[in-house]
Amino acid sequence: MAGQSFSVLNNFSSMQAQKDLYFTNIGLNNTLGRLSSGKRIVNAGDDAAGLGIAASLKADTYALDQAGRNANDGIAIIQIADGALNKVTDLLMRAVTLAEQAASDTVGTTEKETLNVEYQEIMNEIDRVVSVANFKGEQLFSATEAFTKGIYVGDTQFESFITISIGGAGGAGTDALGMANGVGSSASFSSVSTQTNAIQTLKILNTAISSISKWRGALGAQQNRLTNAVGIIQVQSLNLKAAESAITDANMAEEIVNMTKYNILMQSGMSSLSQSNASAQMVLQLLR
């Protein structure tokens, strides 16, 4: 402070050193906070606008991560249904073998009755598999309506649903698999005890196998869509996390340089403060 006289009442050099030390200490604390947290924005005052943008981006990433889990839940439902239909198909293949055998005159009446016993057990097992296939207690196959679920895969900005559907109402005279006359033990002509019934049953079984194949094809298409949706969601989430990181993450190399700078400034500031306080005591030399 040019032109200022020497004073013992106000030590302006000490005040200046204290002011500089105050701001150096704030800078050092902020740098240590960034180094310890890895975040560029530790307090709202560090970057208020950036904090708001980053919070919105983070909310979207949390929403998308859950959307991915939602889609995987939908895939699980489809896999449960497809697993049941796969087993039904295996049972129908065995039923076809029995019906084909019973349709031949080379098999006698007694043998046909024996074949029919196994056939009826297969039909009963198909009924059981269809009736117990469920997701959290909800039956997947119904003779009255399709099993549908809306899978929410949106974020905080836009709504988005993927609807999965298993089966559908086949109308009067159909069973839980939507096939005329049924497939299970209550089906008309569902017997191989005679040649005539065995031949008619072969036609029913062929229809059943064809229908189930179509169902499984539809389920596979829905599963592929959900699988692709999961992949897209993961890419979106990754990009949002990268955008948030660019705003909030600290540049560690820069912060280490800042810490070194502030440490040096703290030491030099403390030394300057000590010197400025000592200079005021020199006035005592004038009294000797």
# chains A, B, ... in the order shown; residues from 1 in each chain; ligands from 1
call {"tool": "select_by_dssp", "arguments": {"residues": "range 8-106 of chain A", "states": "alpha helix (DSSP H)", "output": "PyMOL selection string"}}
result
chain A and resi 12-37+48-102
call {"tool": "residues_around", "arguments": {"residues": "range 62-73 of chain A", "least_positions_apart": "3", "cutoff": "12 Å", "atoms": "only C-alpha atoms", "output": "PyMOL selection string"}}
result
chain A and resi 55-59+76-80+135-136+149-164+222-241
call {"tool": "write_last_selection", "arguments": {"atoms": "C-alpha atoms", "output": "PDB file, in the first residue's frame"}}
result
ATOM      1  CA  ALA A  55     -28.951 -35.192 -11.185  1.00  0.00           C
ATOM      2  CA  SER A  56     -31.350 -35.516 -14.121  1.00  0.00           C
ATOM      3  CA  LEU A  57     -28.931 -37.767 -15.989  1.00  0.00           C
ATOM      4  CA  LYS A  58     -28.422 -39.948 -12.928  1.00  0.00           C
ATOM      5  CA  ALA A  59     -32.190 -40.329 -12.456  1.00  0.00           C
ATOM      6  CA  ALA A  76     -38.417 -64.969 -17.519  1.00  0.00           C
ATOM      7  CA  ILE A  77     -42.210 -65.153 -17.987  1.00  0.00           C
ATOM      8  CA  ILE A  78     -41.786 -66.159 -21.619  1.00  0.00           C
ATOM      9  CA  GLN A  79     -39.211 -68.784 -20.710  1.00  0.00           C
ATOM     10  CA  ILE A  80     -41.572 -70.312 -18.141  1.00  0.00           C
ATOM     11  CA  PHE A 135     -45.861 -66.680 -12.874  1.00  0.00           C
ATOM     12  CA  LYS A 136     -46.192 -65.658  -9.233  1.00  0.00           C
ATOM     13  CA  LYS A 149     -48.235 -58.128 -19.236  1.00  0.00           C
ATOM     14  CA  GLY A 150     -47.078 -54.609 -20.037  1.00  0.00           C
ATOM     15  CA  ILE A 151     -43.325 -54.368 -19.490  1.00  0.00           C
ATOM     16  CA  TYR A 152     -42.350 -50.749 -18.737  1.00  0.00           C
ATOM     17  CA  VAL A 153     -39.008 -49.901 -20.323  1.00  0.00           C
ATOM     18  CA  GLY A 154     -39.214 -46.090 -20.343  1.00  0.00           C
ATOM     19  CA  ASP A 155     -37.176 -43.566 -18.361  1.00  0.00           C
ATOM     20  CA  THR A 156     -38.078 -40.351 -16.504  1.00  0.00           C
ATOM     21  CA  GLN A 157     -38.617 -38.497 -19.771  1.00  0.00           C
ATOM     22  CA  PHE A 158     -40.685 -40.793 -22.008  1.00  0.00           C
ATOM     23  CA  GLU A 159     -43.142 -43.624 -21.417  1.00  0.00           C
ATOM     24  CA  SER A 160     -42.477 -46.903 -23.202  1.00  0.00           C
ATOM     25  CA  PHE A 161     -44.158 -50.300 -22.899  1.00  0.00           C
ATOM     26  CA  ILE A 162     -43.494 -53.681 -24.460  1.00  0.00           C
ATOM     27  CA  THR A 163     -46.553 -55.921 -24.160  1.00  0.00           C
ATOM     28  CA  ILE A 164     -46.055 -59.669 -23.985  1.00  0.00           C
ATOM     29  CA  GLN A 222     -41.348 -61.669 -28.156  1.00  0.00           C
ATOM     30  CA  GLN A 223     -38.304 -62.932 -26.261  1.00  0.00           C
ATOM     31  CA  ASN A 224     -35.994 -61.728 -29.036  1.00  0.00           C
ATOM     32  CA  ARG A 225     -37.622 -58.297 -28.893  1.00  0.00           C
ATOM     33  CA  LEU A 226     -37.118 -58.087 -25.131  1.00  0.00           C
ATOM     34  CA  THR A 227     -33.525 -59.286 -25.452  1.00  0.00           C
ATOM     35  CA  ASN A 228     -32.811 -56.579 -28.017  1.00  0.00           C
ATOM     36  CA  ALA A 229     -34.549 -54.041 -25.788  1.00  0.00           C
ATOM     37  CA  VAL A 230     -32.244 -54.978 -22.906  1.00  0.00           C
ATOM     38  CA  GLY A 231     -29.211 -54.424 -25.135  1.00  0.00           C
ATOM     39  CA  ILE A 232     -30.481 -51.016 -26.284  1.00  0.00           C
ATOM     40  CA  ILE A 233     -31.296 -50.002 -22.706  1.00  0.00           C
ATOM     41  CA  GLN A 234     -27.802 -50.969 -21.575  1.00  0.00           C
ATOM     42  CA  VAL A 235     -26.259 -48.806 -24.308  1.00  0.00           C
ATOM     43  CA  GLN A 236     -28.502 -45.869 -23.355  1.00  0.00           C
ATOM     44  CA  SER A 237     -27.632 -46.259 -19.690  1.00  0.00           C
ATOM     45  CA  LEU A 238     -23.914 -46.430 -20.475  1.00  0.00           C
ATOM     46  CA  ASN A 239     -24.043 -43.264 -22.573  1.00  0.00           C
ATOM     47  CA  LEU A 240     -25.968 -41.382 -19.882  1.00  0.00           C
ATOM     48  CA  LYS A 241     -23.446 -42.469 -17.247  1.00  0.00           C
TER      49      LYS A 241
END
call {"tool": "select_by_dssp", "arguments": {"residues": "range 62-241 of chain A", "states": "strand (DSSP E or B)", "output": "NGL selection string"}}
result
:A and (134-135 or 138-139 or 147-152 or 161-166 or 174 or 180)
call {"tool": "write_last_selection", "arguments": {"atoms": "C-alpha atoms", "output": "tab-separated table (two decimals), in the first residue's frame"}}
result
chain	number	residue	atom	x	y	z
A	134	ASN	CA	-47.70	-69.89	-13.66
A	135	PHE	CA	-45.86	-66.68	-12.87
A	138	GLU	CA	-50.97	-66.30	-12.20
A	139	GLN	CA	-51.78	-69.05	-14.68
A	147	PHE	CA	-52.08	-63.82	-20.44
A	148	THR	CA	-50.70	-60.32	-21.07
A	149	LYS	CA	-48.24	-58.13	-19.24
A	150	GLY	CA	-47.08	-54.61	-20.04
A	151	ILE	CA	-43.32	-54.37	-19.49
A	152	TYR	CA	-42.35	-50.75	-18.74
A	161	PHE	CA	-44.16	-50.30	-22.90
A	162	ILE	CA	-43.49	-53.68	-24.46
A	163	THR	CA	-46.55	-55.92	-24.16
A	164	ILE	CA	-46.06	-59.67	-23.98
A	165	SER	CA	-48.94	-62.02	-24.69
A	166	ILE	CA	-49.18	-65.74	-24.07
A	174	THR	CA	-61.48	-74.98	-26.72
A	180	ALA	CA	-60.71	-77.36	-30.68
call {"tool": "residues_around", "arguments": {"residues": "Leu205 in chain A", "least_positions_apart": "6", "cutoff": "10 Å", "atoms": "only C-alpha atoms", "output": "count of residues only"}}
result
10
call {"tool": "closest_residue", "arguments": {"among": "A:Asp46, A:Asp82, A:Asp60, A:Glu244", "to": "Ala133 in chain A", "atoms": "only C-alpha atoms"}}
result
A:Asp82
call {"tool": "closest_residue", "arguments": {"among": "A:Gln200, A:Phe141, A:Gln195, A:Ile53", "to": "Thr106 in chain A", "atoms": "only C-alpha atoms"}}
result
A:Gln195
call {"tool": "closest_residue", "arguments": {"among": "A:Ala49, A:Ile204, A:Ala146, A:Ile26", "to": "Tyr262 in chain A", "atoms": "only C-alpha atoms"}}
result
A:Ile26
call {"tool": "residues_around", "arguments": {"residues": "Ala253 in chain A", "least_positions_apart": "4", "cutoff": "12 Å", "atoms": "only C-alpha atoms", "output": "JSON, numbers by chain"}}
result
{"A": [31, 34, 35, 38, 249, 257, 258, 259, 260]}
